[in-house]
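*Asks:* One structure is given below, represented as structure tokens, and several questions about it will come after.
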2 protein chains.
Amino acid sequence: MKTFAIAIHGGAGTILKNIMTAEKELEYKSGLEQAIRSGEKILASGGPALDAVEAAIIQLENNPLFNAGKGAVFTNQGKNEMDASVMEGKTLMAGAVTGVTNIKNPITLAKTVMQQSEHVFLSGLGAMEFAEKMKLEFAPDEYFFVQQRYNQLMDAKQTDSVTMDHNDKKTSGKDKTGTVGCVALDVNGNLAAGTSTGGMTNKKYGRVGDSPMIGAGTYANNQTCAISCTGHGEFFIRAVVAYDISCLMEYKGLSLKQACQVVVHQKLVALGGEGGLIALDAHGNIELPFNSEGMYRASLKANQDLFIGIYKV
Amino acid sequence: MKTFAIAIHGGAGTILKNIMTAEKELEYKSGLEQAIRSGEKILASGGPALDAVEAAIIQLENNPLFNAGKGAVFTNQGKNEMDASVMEGKTLMAGAVTGVTNIKNPITLAKTVMQQSEHVFLSGLGAMEFAEKMKLEFAPDEYFFVQQRYNQLMDAKQTDSVTMDHNDKKTSGKDKTGTVGCVALDVNGNLAAGTSTGGMTNKKYGRVGDSPMIGAGTYANNQTCAISCTGHGEFFIRAVVAYDISCLMEYKGLSLKQACQVVVHQKLVALGGEGGLIALDAHGNIELPFNSEGMYRASLKANQDLFIGIYKV
């Protein structure tokens with residue numbers, strides 16, 4: 001029997017150890033474990049990678065600690081606008097949404113776009129109309145109201161700053177969260193990747209980051225790898241990060257580890273792009289590189305111990 | 001003195017020679033020539049590739065024959081929703097917008113996002129708010145009303161079909177237009193690429209195609225090439241077409257011609273993706289490949305004759 005593997009992230013950024021309490025750290029680790037176990041359960045019973053990705057991301061979206069779904073940060077207009085995407089490595093099918101509000105699990109909407117529409121990428125009110133037609137679950141504004149997030153917006157408005165995932169030093173590392181994502185390999189050798197985010201605190205102008213962009217924030221191809229990114233999205237778009245790793249493997253013959261090294265620690269750094277990603281190849285090799293202070297992350301393979309990390313190791 | 005080069009497209013699809021009149025053909029060719037000459041003028045006087053790309057695309061956006069700007073097709077809701085993107089090969093800076101209405105020249109908005117905002121990609125009302133702040137030109141609904149486009153919507157609604165650029169066989173090849181784009185190389189060796197579109201007739205759900213997606217519909221890198229795509233966008237997104245050509249050159253050592261052959265005539269065909277693209281490398285080599293019946297296109301280099309084509313040659 002073939003192996004399976006899964007990795008998740010809860011965002012990258014400046015996570016300062018000296019201002020993180022032991023209690024908060026436990027909450028994050030417990031949230032990460034709960035999410036990865038949901039995905040593991042599906043993979044261990046022979047289920048598809050795509051379903052494992054969705055299951056793990058739903059847990060992260062439902063957890064207010066992470067900047068996706070319930071925990072999505074507030075835009076400048078005081079709304080929670082979310083983006084998500086998924087891709088399947090066997091068929092290269094993909095689905096994505098941007099700028100949706102009141103959708104309980106944007107990752108499920110992205111998967112439904114992939115499976116039930118003739119399109120790949122839907123936006124705003126149109127995407128929500130599609131969600132309604134597909135009878136997906138909506139949640140009221142109150143569901144998405146998290147006091148810490150609202151405080152972050154008020155702080156950001158005072159300084160007129162647009163704040164990335166975990167990089168708001170002012171409100172102390174404790175309140176930082178980020179984009180979430182998952183990559184999985186199932187026992188049939190299929191890869192899948194997914195990413196979901198609430199964007200940046202105080203964001204304006206309907207800004208779209210890399211998370212819903214196939215090739216930038218998310219990519220999966222059974223011939224190479226599955227990737228989900230987190231970080232300063234503008235740089236990840238310009239560097240087409242997720243697909244770049246796949247191309248370095250396919251066209252230049254690099255290993256997953258080498259490709260991650262080149263993209264995260266050389267190309268992104270040269271461009272000034274802070275962040276990281278989770279990566280998985282068809283042999284079950286896992287890489288969790290980041291060039292920021294930290295990245296909430298977890299990984300496991302069949303019959304191996306769970307790894308959970310926040311800071312550099 | 002170094003050379004300069006420029007290529008444009010006005011969309012790819014099923015352009016049937018037997019139903020195209022000589023008069024209409026002349027109109028298209030004249031529109032293409034006018035656009036490419038606007039870009040040439042800038043390049044010949046030593047101006048930057050990015051400005052040449054913008055100038056050529058503005059001409060195509062202002063021409064009702066092409067599906068961008070004034071000639072944008074109608075969505076299911078009877079609106080003209082437009083997408084555009086630009087990228088600069090020297091800095092890898094990029095700008096893009098999706099789902100904007102009443103913006104006279106979306107390509108200028110994309111360029112302004114690149115140069116004046118801290119973001120790469122803005123959407124919908126937010127993008128329009130940014131355009132207003134930047135004092136860009138708006139146009140009323142009437143400006144975008146083109147009777148043929150409205151007839152196309154009525155036809156598409158009757159059959160409940162979503163119609164791609166030129167592939168509405170029912171309304172006879174004459175009414176077909178498409179995404180527009182431009183790639184340019186300036187005398188300083190800098191590449192730039194841009195794409196602008198009105199999307200698909202009768203499109204629903206805020207569908208986003210490949211045109212505003214950096215890496216899929218548009219890409220430029222001085223080390224490799226500048227690319228602008230046109231065709232069935234969903235396939236171009238899944239194949240990350242524009243960046244794939246760049247990667248095949250950078251990582252596998254293919255020539256521009258070889259990379260175009262692999263992506264347009266092998267990978268896209270295998271996936272079922274119909275369309276084409278315009279490509280230019282830093283040496284001034286030009287490729288205009290498409291796997292559809294035709295593609296409105298034109299190209300020229302310093303001191304060489306203008307090429308204009310619609311069908312296969």
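Every chain in the structure tokens takes a letter, A first, then B, and so on in the order presented; its residues are numbered from 1, and the ligands are numbered from 1 following the presented order.
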Tell me, which residues of range 135-250 of chain A carry DSSP strand (DSSP E), written as an MDAnalysis selection string?
*Replies:* chainID A and resid 180:185 191:197 207:208 218:220 225:231
*Asks:* Any chance you can output those residues with N, CA and C atoms as a PDB file, in the first residue's frame?
*Replies:*
```
ATOM      1  N   VAL A 180      -4.522  30.491   5.700  1.00  0.00           N
ATOM      2  CA  VAL A 180      -4.380  29.075   6.024  1.00  0.00           C
ATOM      3  C   VAL A 180      -4.293  28.262   4.737  1.00  0.00           C
ATOM      4  N   GLY A 181      -3.711  27.076   4.832  1.00  0.00           N
ATOM      5  CA  GLY A 181      -3.608  26.253   3.639  1.00  0.00           C
ATOM      6  C   GLY A 181      -3.309  24.818   3.972  1.00  0.00           C
ATOM      7  N   CYS A 182      -3.481  23.959   2.978  1.00  0.00           N
ATOM      8  CA  CYS A 182      -3.221  22.529   3.163  1.00  0.00           C
ATOM      9  C   CYS A 182      -2.775  21.907   1.840  1.00  0.00           C
ATOM     10  N   VAL A 183      -1.839  20.974   1.925  1.00  0.00           N
ATOM     11  CA  VAL A 183      -1.466  20.157   0.769  1.00  0.00           C
ATOM     12  C   VAL A 183      -1.545  18.699   1.215  1.00  0.00           C
ATOM     13  N   ALA A 184      -1.987  17.828   0.322  1.00  0.00           N
ATOM     14  CA  ALA A 184      -2.148  16.422   0.704  1.00  0.00           C
ATOM     15  C   ALA A 184      -1.820  15.485  -0.452  1.00  0.00           C
ATOM     16  N   LEU A 185      -1.343  14.302  -0.084  1.00  0.00           N
ATOM     17  CA  LEU A 185      -1.074  13.209  -1.025  1.00  0.00           C
ATOM     18  C   LEU A 185      -1.876  12.014  -0.547  1.00  0.00           C
ATOM     19  N   LEU A 191      -2.211  14.322  -5.685  1.00  0.00           N
ATOM     20  CA  LEU A 191      -1.919  15.506  -4.884  1.00  0.00           C
ATOM     21  C   LEU A 191      -3.062  16.508  -4.977  1.00  0.00           C
ATOM     22  N   ALA A 192      -3.207  17.330  -3.933  1.00  0.00           N
ATOM     23  CA  ALA A 192      -4.167  18.443  -3.978  1.00  0.00           C
ATOM     24  C   ALA A 192      -3.634  19.549  -3.077  1.00  0.00           C
ATOM     25  N   ALA A 193      -4.053  20.777  -3.380  1.00  0.00           N
ATOM     26  CA  ALA A 193      -3.644  21.929  -2.577  1.00  0.00           C
ATOM     27  C   ALA A 193      -4.808  22.889  -2.425  1.00  0.00           C
ATOM     28  N   GLY A 194      -4.841  23.590  -1.280  1.00  0.00           N
ATOM     29  CA  GLY A 194      -5.882  24.599  -1.071  1.00  0.00           C
ATOM     30  C   GLY A 194      -5.375  25.705  -0.168  1.00  0.00           C
ATOM     31  N   THR A 195      -5.939  26.909  -0.344  1.00  0.00           N
ATOM     32  CA  THR A 195      -5.543  28.071   0.443  1.00  0.00           C
ATOM     33  C   THR A 195      -6.791  28.898   0.726  1.00  0.00           C
ATOM     34  N   SER A 196      -6.861  29.506   1.914  1.00  0.00           N
ATOM     35  CA  SER A 196      -8.026  30.325   2.268  1.00  0.00           C
ATOM     36  C   SER A 196      -7.552  31.480   3.135  1.00  0.00           C
ATOM     37  N   THR A 197      -8.120  32.669   2.926  1.00  0.00           N
ATOM     38  CA  THR A 197      -7.645  33.823   3.689  1.00  0.00           C
ATOM     39  C   THR A 197      -8.699  34.894   3.880  1.00  0.00           C
ATOM     40  N   ARG A 207      -8.668  44.772  -2.806  1.00  0.00           N
ATOM     41  CA  ARG A 207      -7.364  44.148  -3.070  1.00  0.00           C
ATOM     42  C   ARG A 207      -7.482  42.615  -3.127  1.00  0.00           C
ATOM     43  N   VAL A 208      -6.883  42.020  -4.145  1.00  0.00           N
ATOM     44  CA  VAL A 208      -6.820  40.571  -4.263  1.00  0.00           C
ATOM     45  C   VAL A 208      -5.368  40.157  -4.034  1.00  0.00           C
ATOM     46  N   THR A 218      -1.534  28.943  -4.904  1.00  0.00           N
ATOM     47  CA  THR A 218      -1.954  27.541  -4.849  1.00  0.00           C
ATOM     48  C   THR A 218      -1.611  26.858  -6.169  1.00  0.00           C
ATOM     49  N   TYR A 219      -1.092  25.642  -6.101  1.00  0.00           N
ATOM     50  CA  TYR A 219      -0.868  24.864  -7.322  1.00  0.00           C
ATOM     51  C   TYR A 219      -0.718  23.394  -6.952  1.00  0.00           C
ATOM     52  N   ALA A 220      -1.203  22.516  -7.821  1.00  0.00           N
ATOM     53  CA  ALA A 220      -1.025  21.071  -7.615  1.00  0.00           C
ATOM     54  C   ALA A 220      -0.921  20.367  -8.956  1.00  0.00           C
ATOM     55  N   CYS A 225       4.335  18.565  -7.693  1.00  0.00           N
ATOM     56  CA  CYS A 225       4.124  18.905  -6.288  1.00  0.00           C
ATOM     57  C   CYS A 225       2.773  19.569  -6.039  1.00  0.00           C
ATOM     58  N   ALA A 226       2.461  19.744  -4.754  1.00  0.00           N
ATOM     59  CA  ALA A 226       1.302  20.524  -4.324  1.00  0.00           C
ATOM     60  C   ALA A 226       1.841  21.619  -3.405  1.00  0.00           C
ATOM     61  N   ILE A 227       1.360  22.861  -3.612  1.00  0.00           N
ATOM     62  CA  ILE A 227       1.906  24.020  -2.902  1.00  0.00           C
ATOM     63  C   ILE A 227       0.775  24.912  -2.389  1.00  0.00           C
ATOM     64  N   SER A 228       0.912  25.421  -1.160  1.00  0.00           N
ATOM     65  CA  SER A 228       0.025  26.483  -0.655  1.00  0.00           C
ATOM     66  C   SER A 228       0.896  27.526   0.021  1.00  0.00           C
ATOM     67  N   CYS A 229       0.705  28.788  -0.371  1.00  0.00           N
ATOM     68  CA  CYS A 229       1.582  29.871   0.099  1.00  0.00           C
ATOM     69  C   CYS A 229       0.925  30.752   1.155  1.00  0.00           C
ATOM     70  N   THR A 230       1.748  31.491   1.880  1.00  0.00           N
ATOM     71  CA  THR A 230       1.289  32.507   2.823  1.00  0.00           C
ATOM     72  C   THR A 230       2.362  33.574   2.952  1.00  0.00           C
ATOM     73  N   GLY A 231       1.946  34.817   2.987  1.00  0.00           N
ATOM     74  CA  GLY A 231       2.932  35.888   3.101  1.00  0.00           C
ATOM     75  C   GLY A 231       2.441  37.152   2.427  1.00  0.00           C
TER      76      GLY A 231
END
```
*Asks:* Select from chain B every residue with an atom at most 10 Å from any atom of chain A, then for each give the shortest pair of atoms and their distance in Å to one decimal, using only C-alpha atoms, rows by chain and rising number, as CSV.
*Replies:*
```
residue,atom,partner,partner_atom,distance
B:Met87,CA,A:Arg238,CA,8.7
B:Thr91,CA,A:Leu271,CA,8.9
B:Leu92,CA,A:Arg238,CA,6.2
B:Met93,CA,A:Arg238,CA,6.7
B:Ala94,CA,A:Arg238,CA,6.6
B:Gly95,CA,A:Arg238,CA,9.3
B:Ala96,CA,A:Val208,CA,9.5
B:Val97,CA,A:Val208,CA,9.1
B:Thr98,CA,A:Ser123,CA,8.7
B:Gly99,CA,A:Ser123,CA,8.1
B:Ser117,CA,A:Tyr205,CA,9.9
B:Glu118,CA,A:Glu234,CA,8.3
B:His119,CA,A:Glu234,CA,6.1
B:Val120,CA,A:Glu234,CA,5.6
B:Phe121,CA,A:Val208,CA,5.2
B:Leu122,CA,A:Arg207,CA,4.4
B:Ser123,CA,A:Gly206,CA,4.8
B:Gly124,CA,A:Gly206,CA,6.5
B:Leu125,CA,A:Gly206,CA,7.0
B:Gly126,CA,A:Tyr205,CA,3.4
B:Ala127,CA,A:Tyr205,CA,5.1
B:Met128,CA,A:Tyr205,CA,7.7
B:Glu129,CA,A:Tyr205,CA,6.4
B:Phe130,CA,A:Tyr205,CA,6.1
B:Ala131,CA,A:Tyr205,CA,9.4
B:Val162,CA,A:Glu118,CA,9.4
B:Lys203,CA,A:His119,CA,9.9
B:Lys204,CA,A:Gly126,CA,6.7
B:Tyr205,CA,A:Gly126,CA,3.4
B:Gly206,CA,A:Gly126,CA,4.3
B:Arg207,CA,A:Leu122,CA,4.4
B:Val208,CA,A:Phe121,CA,5.2
B:Gly209,CA,A:Phe121,CA,7.0
B:Asp210,CA,A:Phe121,CA,9.1
B:Met213,CA,A:Met213,CA,7.5
B:Ile214,CA,A:Ile237,CA,6.7
B:Gly215,CA,A:Val240,CA,6.1
B:Ala216,CA,A:Gly215,CA,7.8
B:Tyr219,CA,A:Arg238,CA,8.9
B:Ala220,CA,A:Arg238,CA,9.8
B:Gly233,CA,A:Val120,CA,8.7
B:Glu234,CA,A:Val120,CA,5.7
B:Phe235,CA,A:Val120,CA,8.6
B:Ile237,CA,A:Ile214,CA,6.7
B:Arg238,CA,A:Leu92,CA,6.2
B:Ala239,CA,A:Leu92,CA,7.8
B:Val240,CA,A:Gly215,CA,6.1
B:Val241,CA,A:Gly215,CA,9.8
B:Tyr243,CA,A:Val240,CA,7.6
B:Asp244,CA,A:Cys247,CA,7.6
B:Ser246,CA,A:Cys247,CA,9.9
B:Cys247,CA,A:Cys247,CA,6.4
B:Leu248,CA,A:Tyr251,CA,6.7
B:Met249,CA,A:Tyr251,CA,9.4
B:Glu250,CA,A:Tyr251,CA,8.9
B:Tyr251,CA,A:Lys252,CA,5.2
B:Lys252,CA,A:Tyr251,CA,5.2
B:Gly253,CA,A:Tyr251,CA,9.0
B:Leu271,CA,A:Leu92,CA,8.8
```
*Asks:* Considering only helix (DSSP H, G or I) as DSSP defines it on the backbone, what residues of range 76-256 of chain A qualify? List them as a ChimeraX atom specification.
*Replies:* /A:106-116,124-133,141-144,147-159,169-171,173-175,233-238,241-252,256
*Asks:* Report, in Å to a single decimal, how far apart CA of Thr108 in chain A and CA of Lys133 in chain A are.
*Replies:* 13.8 Å
*Asks:* Excluding range 22-32 of chain B and any residue of its chain fewer than 4 positions from it, enumerate the residues within 9 Å of it, using only C-alpha atoms, and give them as a list in words.
*Replies:*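 The filter keeps Ile8, His9, Gly10, Ile36, Arg37, Ala56, Gln59, Leu60, Asn63, Leu65, Phe66, Lys174, Tyr296, Arg297, Ala298, Ile308, Gly309 and Ile310 of chain B.
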*Asks:* Expressed in Å to a single decimal, how great is the separation between CA of Glu274 in chain B and CA of His232 in chain B?
*Replies:*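 Interatomic distance, CA of Glu274 in chain B to CA of His232 in chain B: 5.7 Å.
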*Asks:* Report, in Å with one decimal, the straight-line distance from CA of Ala72 in chain B to CA of Pro212 in chain A.
*Replies:*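 Computing it gives 24.8 Å between the two atoms.
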